[in-house]
file work.cif (mmCIF, C-alpha atoms and all ligand atoms)
data_data
#
loop_
_atom_site.label_atom_id
_atom_site.label_comp_id
_atom_site.auth_asym_id
_atom_site.auth_seq_id
_atom_site.Cartn_x
_atom_site.Cartn_y
_atom_site.Cartn_z
CA MET D 1 115.73 10.69 101.53
CA LYS D 2 117.63 13.97 101.67
CA ILE D 3 118.70 15.23 98.27
CA ALA D 4 120.84 18.23 97.31
CA ILE D 5 120.72 19.89 93.93
CA VAL D 6 123.72 22.05 93.13
CA GLY D 7 122.83 24.50 90.35
CA ALA D 8 119.45 26.01 89.55
CA GLY D 9 119.79 26.50 85.81
CA ILE D 10 117.40 24.61 83.54
CA VAL D 11 118.69 21.16 84.56
CA GLY D 12 118.67 21.72 88.33
CA SER D 13 115.37 23.57 88.48
CA THR D 14 113.57 20.95 86.35
CA ALA D 15 115.01 18.23 88.61
CA ALA D 16 113.73 20.15 91.65
CA TYR D 17 110.24 20.43 90.15
CA TYR D 18 109.93 16.72 89.34
CA LEU D 19 111.47 15.67 92.66
CA SER D 20 108.74 17.67 94.38
CA LYS D 21 106.25 15.19 92.92
CA GLU D 22 107.98 12.26 94.66
CA LYS D 23 107.04 10.99 98.11
CA GLU D 24 109.37 11.10 101.09
CA VAL D 25 112.09 13.27 99.64
CA GLU D 26 113.51 16.38 101.21
CA VAL D 27 115.33 18.62 98.76
CA THR D 28 117.61 21.66 99.10
CA VAL D 29 118.72 23.60 96.03
CA PHE D 30 122.00 25.55 96.06
CA ASP D 31 122.77 28.09 93.35
CA HIS D 32 125.48 30.66 92.80
CA GLY D 33 123.82 32.00 89.67
CA LEU D 34 126.58 34.28 88.37
CA GLY D 35 127.00 33.79 84.62
CA GLN D 36 124.33 31.10 84.50
CA ALA D 37 123.76 30.02 80.88
CA THR D 38 120.02 29.53 81.30
CA LYS D 39 119.42 33.19 82.26
CA ALA D 40 121.39 34.40 79.23
CA ALA D 41 119.97 31.99 76.65
CA ALA D 42 118.31 33.06 73.44
CA GLY D 43 115.73 30.35 74.10
CA ILE D 44 115.21 28.83 70.67
CA ILE D 45 113.71 25.34 70.60
CA SER D 46 114.10 24.03 67.06
CA PRO D 47 116.45 21.03 66.75
CA TRP D 48 114.93 19.39 63.66
CA PHE D 49 117.05 21.16 61.03
CA SER D 50 120.35 20.18 62.58
CA LYS D 51 122.68 18.12 60.40
CA ARG D 52 124.77 16.86 63.32
CA ARG D 53 125.51 13.17 62.79
CA ASN D 54 125.51 12.33 66.51
CA LYS D 55 122.36 10.18 66.74
CA ALA D 56 122.30 10.07 70.56
CA TRP D 57 122.44 13.87 70.65
CA TYR D 58 119.65 14.23 68.09
CA ARG D 59 117.44 11.78 69.96
CA MET D 60 117.94 13.82 73.14
CA ALA D 61 117.28 17.11 71.32
CA ARG D 62 114.10 16.01 69.54
CA LEU D 63 112.70 14.36 72.67
CA GLY D 64 113.74 17.49 74.58
CA ALA D 65 111.66 19.66 72.23
CA ASP D 66 108.72 17.24 72.66
CA PHE D 67 109.12 17.25 76.44
CA TYR D 68 108.27 20.97 76.66
CA GLN D 69 104.63 20.02 75.98
CA GLU D 70 104.59 17.83 79.09
CA LEU D 71 106.45 20.34 81.23
CA VAL D 72 104.22 23.24 80.20
CA SER D 73 101.11 21.15 80.78
CA ASP D 74 102.36 19.96 84.20
CA LEU D 75 103.06 23.54 85.31
CA GLY D 76 99.73 24.69 83.88
CA ASN D 77 97.89 21.95 85.82
CA ASP D 78 99.68 23.13 88.96
CA GLY D 79 98.24 26.60 88.33
CA TYR D 80 101.32 28.38 86.96
CA ASP D 81 101.45 30.90 84.14
CA LYS D 82 102.86 29.30 80.99
CA SER D 83 103.79 32.43 79.07
CA PHE D 84 107.53 31.58 79.32
CA TYR D 85 107.00 29.17 76.39
CA ASP D 86 105.53 30.09 73.03
CA GLN D 87 105.42 28.11 69.80
CA SER D 88 105.64 31.22 67.65
CA GLY D 89 107.34 29.33 64.80
CA VAL D 90 110.82 29.58 63.30
CA ALA D 91 111.90 30.98 59.93
CA LEU D 92 115.20 29.65 58.56
CA LEU D 93 117.20 31.56 55.98
CA LYS D 94 120.08 30.51 53.69
CA LYS D 95 122.48 32.89 51.90
CA ASP D 96 121.94 30.71 48.83
CA ASP D 97 118.22 30.20 49.19
CA SER D 98 118.12 27.22 46.79
CA LYS D 99 119.58 25.32 49.76
CA LEU D 100 116.26 25.73 51.54
CA ASP D 101 114.80 22.94 49.39
CA GLY D 102 117.36 20.42 50.67
CA LEU D 103 116.80 21.58 54.23
CA TYR D 104 113.07 21.20 53.78
CA GLU D 105 113.52 17.59 52.59
CA HIS D 106 115.85 16.89 55.52
CA ALA D 107 113.30 18.18 58.05
CA GLU D 108 110.44 16.44 56.24
CA THR D 109 112.06 13.04 56.98
CA ARG D 110 111.77 13.95 60.66
CA LEU D 111 108.11 14.95 60.64
CA GLU D 112 106.78 11.49 61.37
CA GLU D 113 108.73 11.03 64.61
CA SER D 114 108.35 14.72 65.54
CA PRO D 115 104.85 15.88 64.60
CA ILE D 116 105.49 18.82 66.91
CA ILE D 117 107.35 20.42 63.95
CA GLY D 118 103.86 21.39 62.79
CA GLU D 119 103.43 23.12 59.45
CA LEU D 120 106.64 22.80 57.43
CA SER D 121 106.84 24.87 54.27
CA ILE D 122 108.97 27.16 52.16
CA LYS D 123 107.34 30.56 52.05
CA ASN D 124 107.78 33.75 50.09
CA ALA D 125 109.31 36.70 52.01
CA SER D 126 106.20 38.77 51.32
CA THR D 127 104.39 36.67 53.95
CA LEU D 128 106.74 38.09 56.59
CA PRO D 129 106.78 41.84 55.86
CA GLU D 130 108.31 42.77 59.24
CA PHE D 131 111.63 41.30 58.07
CA THR D 132 113.73 42.12 55.00
CA GLY D 133 116.86 40.95 53.15
CA PHE D 134 115.74 37.58 51.80
CA ASN D 135 113.40 36.12 49.18
CA ARG D 136 112.25 32.86 50.72
CA TYR D 137 112.37 31.16 54.08
CA LEU D 138 111.74 27.73 55.53
CA TYR D 139 109.01 27.86 58.15
CA ALA D 140 108.16 25.42 60.94
CA SER D 141 105.16 26.44 63.02
CA GLY D 142 106.19 24.22 65.98
CA GLY D 143 109.48 26.01 66.65
CA ALA D 144 109.40 27.75 70.01
CA ARG D 145 111.07 30.37 72.17
CA VAL D 146 111.54 30.08 75.89
CA GLU D 147 112.30 32.69 78.55
CA GLY D 148 114.88 30.69 80.50
CA ALA D 149 114.97 32.89 83.61
CA GLU D 150 111.18 32.91 83.91
CA LEU D 151 110.97 29.17 83.43
CA THR D 152 113.54 28.34 86.12
CA ALA D 153 111.94 30.79 88.57
CA THR D 154 108.56 29.12 87.94
CA LEU D 155 109.99 25.62 88.39
CA ILE D 156 111.68 26.46 91.69
CA LYS D 157 108.55 28.20 92.97
CA ALA D 158 106.36 25.28 91.90
CA SER D 159 108.73 22.80 93.60
CA GLY D 160 108.23 24.55 96.93
CA PHE D 161 111.83 23.72 97.84
CA GLU D 162 114.23 26.13 99.44
CA LYS D 163 116.89 27.64 97.16
CA LEU D 164 120.00 28.82 98.95
CA GLU D 165 122.25 31.33 97.21
CA GLY D 166 126.01 30.96 97.09
CA GLN D 167 128.76 28.73 95.81
CA VAL D 168 129.05 25.43 97.70
CA THR D 169 131.53 22.56 97.92
CA LEU D 170 130.85 18.83 98.08
CA SER D 171 132.46 16.60 100.73
CA PRO D 172 132.02 12.80 100.75
CA LEU D 173 131.59 11.42 104.29
CA ASP D 174 132.74 8.00 105.56
CA ASP D 175 129.19 6.64 105.85
CA GLY D 176 128.48 7.17 102.12
CA THR D 177 126.54 10.41 102.57
CA TYR D 178 127.67 13.87 101.45
CA GLU D 179 128.10 17.18 103.20
CA ILE D 180 127.20 20.45 101.52
CA ASP D 181 127.06 23.76 103.35
CA GLY D 182 126.96 22.06 106.76
CA GLN D 183 124.06 19.74 105.85
CA THR D 184 124.17 16.00 105.15
CA PHE D 185 122.56 14.46 102.07
CA ASP D 186 121.91 10.89 100.87
CA LYS D 187 121.97 11.79 97.19
CA VAL D 188 123.29 14.74 95.21
CA ILE D 189 122.51 16.13 91.76
CA LEU D 190 125.32 18.23 90.30
CA ALA D 191 123.65 20.49 87.73
CA CYS D 192 126.62 22.84 87.72
CA GLY D 193 126.86 23.70 84.01
CA ALA D 194 130.26 25.08 83.05
CA TRP D 195 131.40 25.14 86.69
CA LEU D 196 131.39 21.37 87.18
CA GLY D 197 135.20 21.15 87.25
CA GLN D 198 135.31 23.60 90.16
CA THR D 199 133.12 21.21 92.18
CA LEU D 200 134.73 17.88 91.22
CA GLU D 201 138.42 18.71 90.70
CA PRO D 202 139.06 19.31 94.43
CA LEU D 203 137.87 15.69 94.94
CA GLY D 204 140.55 14.38 92.55
CA PHE D 205 138.53 14.21 89.32
CA GLU D 206 139.58 15.34 85.89
CA VAL D 207 136.61 17.00 84.16
CA ASP D 208 136.32 17.56 80.42
CA VAL D 209 133.97 20.56 80.52
CA ARG D 210 135.01 23.93 79.13
CA PRO D 211 133.41 27.38 79.35
CA GLN D 212 132.12 29.19 76.28
CA LYS D 213 131.11 32.84 76.58
CA GLY D 214 127.78 33.81 75.00
CA GLN D 215 126.49 37.37 74.66
CA LEU D 216 123.25 38.74 73.36
CA ARG D 217 121.32 41.99 73.37
CA ASP D 218 117.67 42.50 74.19
CA TYR D 219 116.09 45.46 72.34
CA PHE D 220 112.87 47.02 73.55
CA PHE D 221 110.39 48.63 71.15
CA GLU D 222 107.44 50.45 72.60
CA GLY D 223 104.08 49.61 71.07
CA MET D 224 105.46 47.06 68.60
CA ASP D 225 103.49 43.82 68.34
CA THR D 226 106.40 41.38 68.44
CA GLY D 227 104.47 38.50 70.01
CA LYS D 228 103.27 36.99 66.74
CA LEU D 229 106.59 37.06 64.88
CA PRO D 230 108.55 33.84 64.34
CA VAL D 231 112.17 33.46 65.39
CA LEU D 232 114.40 34.40 62.46
CA MET D 233 117.37 32.06 62.00
CA PRO D 234 119.82 33.20 59.31
CA GLU D 235 122.91 31.11 58.59
CA GLY D 236 125.72 31.42 61.15
CA GLU D 237 125.73 32.76 64.71
CA LEU D 238 122.97 35.32 64.37
CA ASP D 239 119.39 34.72 65.45
CA VAL D 240 116.66 37.36 65.86
CA ILE D 241 114.22 36.30 68.57
CA PRO D 242 111.04 38.33 69.04
CA PHE D 243 109.28 37.97 72.39
CA ALA D 244 105.86 39.34 73.29
CA GLY D 245 105.74 42.92 74.63
CA GLY D 246 108.12 44.58 72.18
CA LYS D 247 111.29 42.70 73.11
CA ILE D 248 113.59 41.46 70.35
CA SER D 249 116.72 39.53 71.33
CA VAL D 250 119.68 39.50 68.96
CA GLY D 251 122.45 36.99 69.50
CA ALA D 252 124.33 35.05 70.36
CA SER D 253 128.11 34.93 70.32
CA HIS D 254 130.09 31.69 70.81
CA GLU D 255 133.46 32.68 72.29
CA ASN D 256 135.75 29.79 73.19
CA ASP D 257 138.77 31.79 74.30
CA GLN D 258 137.27 34.01 77.02
CA GLY D 259 137.08 31.56 79.93
CA PHE D 260 134.47 32.63 82.50
CA ASP D 261 134.66 36.32 81.53
CA LEU D 262 131.28 38.06 81.84
CA THR D 263 132.10 41.56 80.60
CA VAL D 264 130.00 42.98 77.80
CA ASP D 265 132.06 43.30 74.62
CA GLU D 266 130.38 46.03 72.55
CA ALA D 267 132.43 45.16 69.46
CA VAL D 268 131.07 41.61 69.35
CA LEU D 269 127.48 42.79 69.87
CA GLU D 270 127.76 45.51 67.25
CA VAL D 271 128.79 42.97 64.60
CA LEU D 272 125.66 40.97 65.44
CA GLU D 273 123.54 44.14 65.41
CA GLU D 274 124.85 45.23 61.99
CA GLU D 275 123.99 41.84 60.52
CA ALA D 276 120.60 41.82 62.23
CA LYS D 277 119.72 45.20 60.63
CA THR D 278 119.78 43.47 57.22
CA TYR D 279 116.78 41.45 58.34
CA PHE D 280 115.16 43.81 60.80
CA PRO D 281 115.79 47.45 59.82
CA ASP D 282 113.84 48.73 62.85
CA LEU D 283 117.01 48.03 64.85
CA SER D 284 118.38 51.27 63.32
CA THR D 285 115.67 53.37 64.94
CA ASP D 286 115.67 54.76 68.47
CA LYS D 287 115.64 51.93 70.89
CA SER D 288 116.59 50.94 74.37
CA PHE D 289 118.54 47.81 74.99
CA SER D 290 120.35 45.76 77.59
CA GLU D 291 122.83 42.93 77.41
CA ARG D 292 123.03 39.41 78.78
CA VAL D 293 126.23 37.40 79.11
CA GLY D 294 126.38 33.75 80.15
CA THR D 295 128.73 30.79 80.11
CA ARG D 296 127.81 27.64 78.21
CA ALA D 297 129.39 24.31 79.11
CA TYR D 298 130.82 22.16 76.37
CA THR D 299 132.92 19.00 76.14
CA SER D 300 135.83 18.24 73.80
CA ASP D 301 133.50 16.37 71.40
CA PHE D 302 130.57 18.79 71.97
CA SER D 303 128.38 16.02 73.44
CA PRO D 304 126.32 16.38 76.61
CA PHE D 305 126.46 13.72 79.32
CA PHE D 306 124.45 12.68 82.34
CA GLY D 307 124.41 9.85 84.87
CA GLU D 308 126.08 8.74 88.09
CA VAL D 309 129.63 9.94 88.74
CA PRO D 310 132.09 7.01 88.65
CA GLU D 311 133.42 6.32 92.16
CA LEU D 312 130.96 8.75 93.77
CA LYS D 313 127.95 6.60 94.52
CA ASN D 314 124.65 8.49 94.66
CA VAL D 315 126.10 11.60 93.03
CA PHE D 316 124.37 12.26 89.70
CA VAL D 317 125.53 14.81 87.19
CA ALA D 318 124.69 16.48 83.88
CA SER D 319 126.77 18.94 81.91
CA GLY D 320 128.16 19.79 78.48
CA LEU D 321 124.77 20.86 77.12
CA GLY D 322 126.41 23.45 74.84
CA SER D 323 124.30 25.61 72.53
CA SER D 324 121.19 23.45 72.74
CA GLY D 325 120.86 23.11 76.50
CA LEU D 326 117.60 24.98 76.80
CA THR D 327 116.18 22.38 74.40
CA THR D 328 117.66 19.31 76.12
CA GLY D 329 117.89 20.59 79.72
CA PRO D 330 114.34 19.91 80.97
CA LEU D 331 114.40 16.35 79.66
CA ILE D 332 117.83 15.73 81.20
CA GLY D 333 116.59 17.13 84.52
CA LYS D 334 113.61 14.77 84.42
CA ASN D 335 115.83 11.79 83.55
CA LEU D 336 118.16 12.66 86.45
CA VAL D 337 115.16 12.42 88.76
CA ASP D 338 114.39 8.96 87.34
CA LEU D 339 117.99 7.88 88.03
CA VAL D 340 117.86 9.26 91.58
CA MET D 341 114.59 7.38 92.16
CA ASN D 342 116.07 4.19 90.69
CA ARG D 343 113.77 3.74 87.74
CA PRO D 344 114.34 3.86 83.99
CA GLY D 345 113.83 7.18 82.20
CA ASN D 346 113.16 7.66 78.49
CA LEU D 347 116.82 8.41 77.75
CA ASP D 348 119.44 5.72 78.21
CA SER D 349 122.24 7.35 80.22
CA THR D 350 124.75 4.85 78.75
CA ASP D 351 124.31 6.73 75.44
CA TYR D 352 125.67 9.84 77.20
CA PRO D 353 128.43 8.28 79.32
CA VAL D 354 129.72 10.33 82.22
CA ALA D 355 132.92 8.24 82.31
CA ASN D 356 134.01 9.77 78.99
CA TYR D 357 134.18 13.20 80.60
CA ILE D 358 134.81 12.67 84.31
CA LYS D 359 137.81 10.57 85.37
CA LYS D 360 139.30 9.92 88.78
CA GLN D 361 142.98 10.87 88.77
CA ASP D 362 145.44 8.19 89.96
C1 LIG K 401 123.95 33.45 75.05
C2 LIG K 401 123.37 32.06 75.09
C3 LIG K 401 122.37 31.70 74.17
C4 LIG K 401 121.82 30.42 74.21
N1 LIG K 401 120.79 30.12 73.36
C5 LIG K 401 120.21 28.88 73.42
C6 LIG K 401 119.10 28.58 72.58
O1 LIG K 401 118.63 29.43 71.82
N2 LIG K 401 118.56 27.33 72.64
C7 LIG K 401 119.05 26.36 73.46
O2 LIG K 401 118.52 25.25 73.47
N3 LIG K 401 120.10 26.63 74.29
C8 LIG K 401 120.69 27.86 74.27
N4 LIG K 401 121.75 28.15 75.07
C9 LIG K 401 122.34 27.06 75.87
C10 LIG K 401 121.64 26.85 77.19
O3 LIG K 401 121.33 28.09 77.78
C11 LIG K 401 122.53 26.04 78.16
O4 LIG K 401 123.07 24.90 77.53
C12 LIG K 401 121.70 25.57 79.35
O5 LIG K 401 120.99 26.66 79.90
C13 LIG K 401 122.62 24.95 80.43
O6 LIG K 401 121.85 24.66 81.56
P1 LIG K 401 122.53 24.08 82.87
O7 LIG K 401 121.44 23.94 83.86
O8 LIG K 401 123.34 22.87 82.51
O9 LIG K 401 123.61 25.16 83.31
P2 LIG K 401 123.42 26.71 83.83
O10 LIG K 401 122.17 27.30 83.29
O11 LIG K 401 124.69 27.38 83.53
O12 LIG K 401 123.22 26.52 85.39
C14 LIG K 401 124.25 26.05 86.21
C15 LIG K 401 124.08 26.72 87.57
O13 LIG K 401 124.87 26.02 88.53
C16 LIG K 401 125.40 26.98 89.43
N5 LIG K 401 126.57 26.37 90.10
C17 LIG K 401 127.62 25.73 89.54
N6 LIG K 401 128.47 25.28 90.48
C18 LIG K 401 127.94 25.67 91.67
C19 LIG K 401 128.35 25.51 93.03
N7 LIG K 401 129.47 24.86 93.34
N8 LIG K 401 127.56 26.03 94.00
C20 LIG K 401 126.39 26.67 93.71
N9 LIG K 401 125.97 26.85 92.43
C21 LIG K 401 126.72 26.35 91.43
C22 LIG K 401 125.78 28.11 88.50
O14 LIG K 401 125.98 29.29 89.24
C23 LIG K 401 124.57 28.16 87.59
O15 LIG K 401 123.56 29.01 88.13
C24 LIG K 401 122.31 29.43 75.11
C25 LIG K 401 123.30 29.80 76.02
C26 LIG K 401 123.83 31.09 76.02
C27 LIG K 401 124.88 31.46 77.02
#
call {"tool": "encode", "arguments": {"input": "work.cif", "output": "structure tokens", "more": "lines below"}}
Ligand SMILES: Cc1cc2nc3c(=O)[nH]c(=O)nc-3n(C[C@H](O)[C@H](O)[C@H](O)COP(=O)(O)OP(=O)(O)OC[C@H]3O[C@@H](n4cnc5c(N)ncnc54)[C@H](O)[C@@H]3O)c2cc1C
result
Amino acid sequence: MKIAIVGAGIVGSTAAYYLSKEKEVEVTVFDHGLGQATKAAAGIISPWFSKRRNKAWYRMARLGADFYQELVSDLGNDGYDKSFYDQSGVALLKKDDSKLDGLYEHAETRLEESPIIGELSIKNASTLPEFTGFNRYLYASGGARVEGAELTATLIKASGFEKLEGQVTLSPLDDGTYEIDGQTFDKVILACGAWLGQTLEPLGFEVDVRPQKGQLRDYFFEGMDTGKLPVLMPEGELDVIPFAGGKISVGASHENDQGFDLTVDEAVLEVLEEEAKTYFPDLSTDKSFSERVGTRAYTSDFSPFFGEVPELKNVFVASGLGSSGLTTGPLIGKNLVDLVMNRPGNLDSTDYPVANYIKKQD
């Protein structure tokens, strides 16, 4: 069976990795890469505090956080370095810190089905002297951070499949196969993120996927031991994400009116930096930094979807992962592989119906 994967963000590269464990498949991965959300992501894996009422989304997000254990172990067993993933814990802040008690109770109800949350407790700020500007915080030791670019590079390498660079188009052929870049495929996975419309609209589909610009800054501090610090999550857009080796990421913006623009907007980043200094005054000292800009995909009701494309047999798709796609992406990629191989996965794709977001025009 010849399979094409279009897009090598977190969804496409996880699909490639798990397809490489199947027998008698031949896979080619195509990726343009420009503006890819996965490369720009802050990388926080901590869905348990969310108050979103969408049960299907929460199920996907909590199972997605769990799935990292399996993915990391699978890559480790294949001999790959696992440092892209670290359960360094998360520390949540509230402007009115009495609200932390309610949030604690909310997360506590989720402990039984998600033991990965680990230690859950409200702590005094003195236990986290590297940060300032708050009195108490809610801590979950199982919260994690992921280096998206490192993870996808590892997955593609571990798959052993060829990744071809460039933007491709999809052409259905009369015999039910598909042509991409001059090659013929039996099945196709479209893991195109925000660019899904550009692939399906020329084939007469209407696609409810919009781009959202996200920017963040990575700050580099020489000699600072940032590896042990938890991710700091104040209320609102700002997160402060320490990585090992003196890197602290500060982000991320959510800009709905910028289309696919990838230019760095200093004004937006400076607002985030000013707020971050409240919690991490070291940001005022001499530092070097660089920016990342990516495009998230979101749908009109902010729900992700995956499954087979209506009226395009053997073309499977996932998109609309929004702000939590690094959390849900690996699990979606794995479930796409199950669909391609014709067996049930642990997510029911009818809970995330493609037909709500992709429609054939009359
Ligand atoms: C700034 C920022 C911060 C974020 N922080 C977090 C976070 O902390 N936690 C979290 O869980 N999520 C986070 N996210 C969200 C997460 O990164 C995304 O939801 C997720 O990475 C989407 O993965 P994807 O594989 O669907 O799409 P992408 O990673 O965007 O990959 C899609 C790929 O497909 C390629 N492509 C598309 N069409 C074609 C074509 N026709 N031909 C060839 N290639 C094509 C694109 O070039 C791209 O490389 C963040 C996102 C951003 C931008």
call {"tool": "atom_distance", "arguments": {"input": "work.cif", "atom1": "atom CA of D:Gly204", "atom2": "atom CA of D:Ile358"}}
result
10.2 Å
call {"tool": "residues_near_ligand", "arguments": {"input": "work.cif", "ligand": "ligand LIG 401 (chain K)", "cutoff": "6 Å", "atoms": "all atoms listed in the file", "output": "ChimeraX atom specification"}}
result
/D:6-12,30-34,36-38,40-45,166-169,191-193,195-196,199,214-216,252,294-296,319,321-327,329
call {"tool": "closest_residue", "arguments": {"input": "work.cif", "among": "D:Asp257, D:Glu237, D:Glu108, D:Glu266", "to": "D:Pro211", "atoms": "only C-alpha atoms"}}
result
D:Asp257
call {"tool": "residues_around", "arguments": {"input": "work.cif", "residues": "stretch 16-27 of chain D", "least_positions_apart": "3", "cutoff": "7 Å", "atoms": "all atoms listed in the file", "output": "list of chain:residue names"}}
result
D:Met1, D:Lys2, D:Ile3, D:Ala4, D:Gly12, D:Ser13, D:Leu155, D:Ile156, D:Ala158, D:Ser159, D:Phe161, D:Lys334, D:Val337
call {"tool": "write_last_selection", "arguments": {"input": "work.cif", "atoms": "C-alpha atoms", "output": "tab-separated table (two decimals), in the coordinates of the input"}}
result
chain	number	residue	atom	x	y	z
D	1	MET	CA	115.73	10.69	101.53
D	2	LYS	CA	117.63	13.97	101.67
D	3	ILE	CA	118.70	15.23	98.27
D	4	ALA	CA	120.84	18.23	97.31
D	12	GLY	CA	118.67	21.72	88.33
D	13	SER	CA	115.37	23.57	88.48
D	155	LEU	CA	109.99	25.62	88.39
D	156	ILE	CA	111.68	26.46	91.69
D	158	ALA	CA	106.36	25.28	91.90
D	159	SER	CA	108.73	22.80	93.60
D	161	PHE	CA	111.83	23.72	97.84
D	334	LYS	CA	113.61	14.77	84.42
D	337	VAL	CA	115.16	12.42	88.76
call {"tool": "closest_residue", "arguments": {"input": "work.cif", "among": "D:Asp362, D:Lys39, D:Pro230, D:Gly76", "to": "D:Ala149", "atoms": "all atoms listed in the file"}}
result
D:Lys39
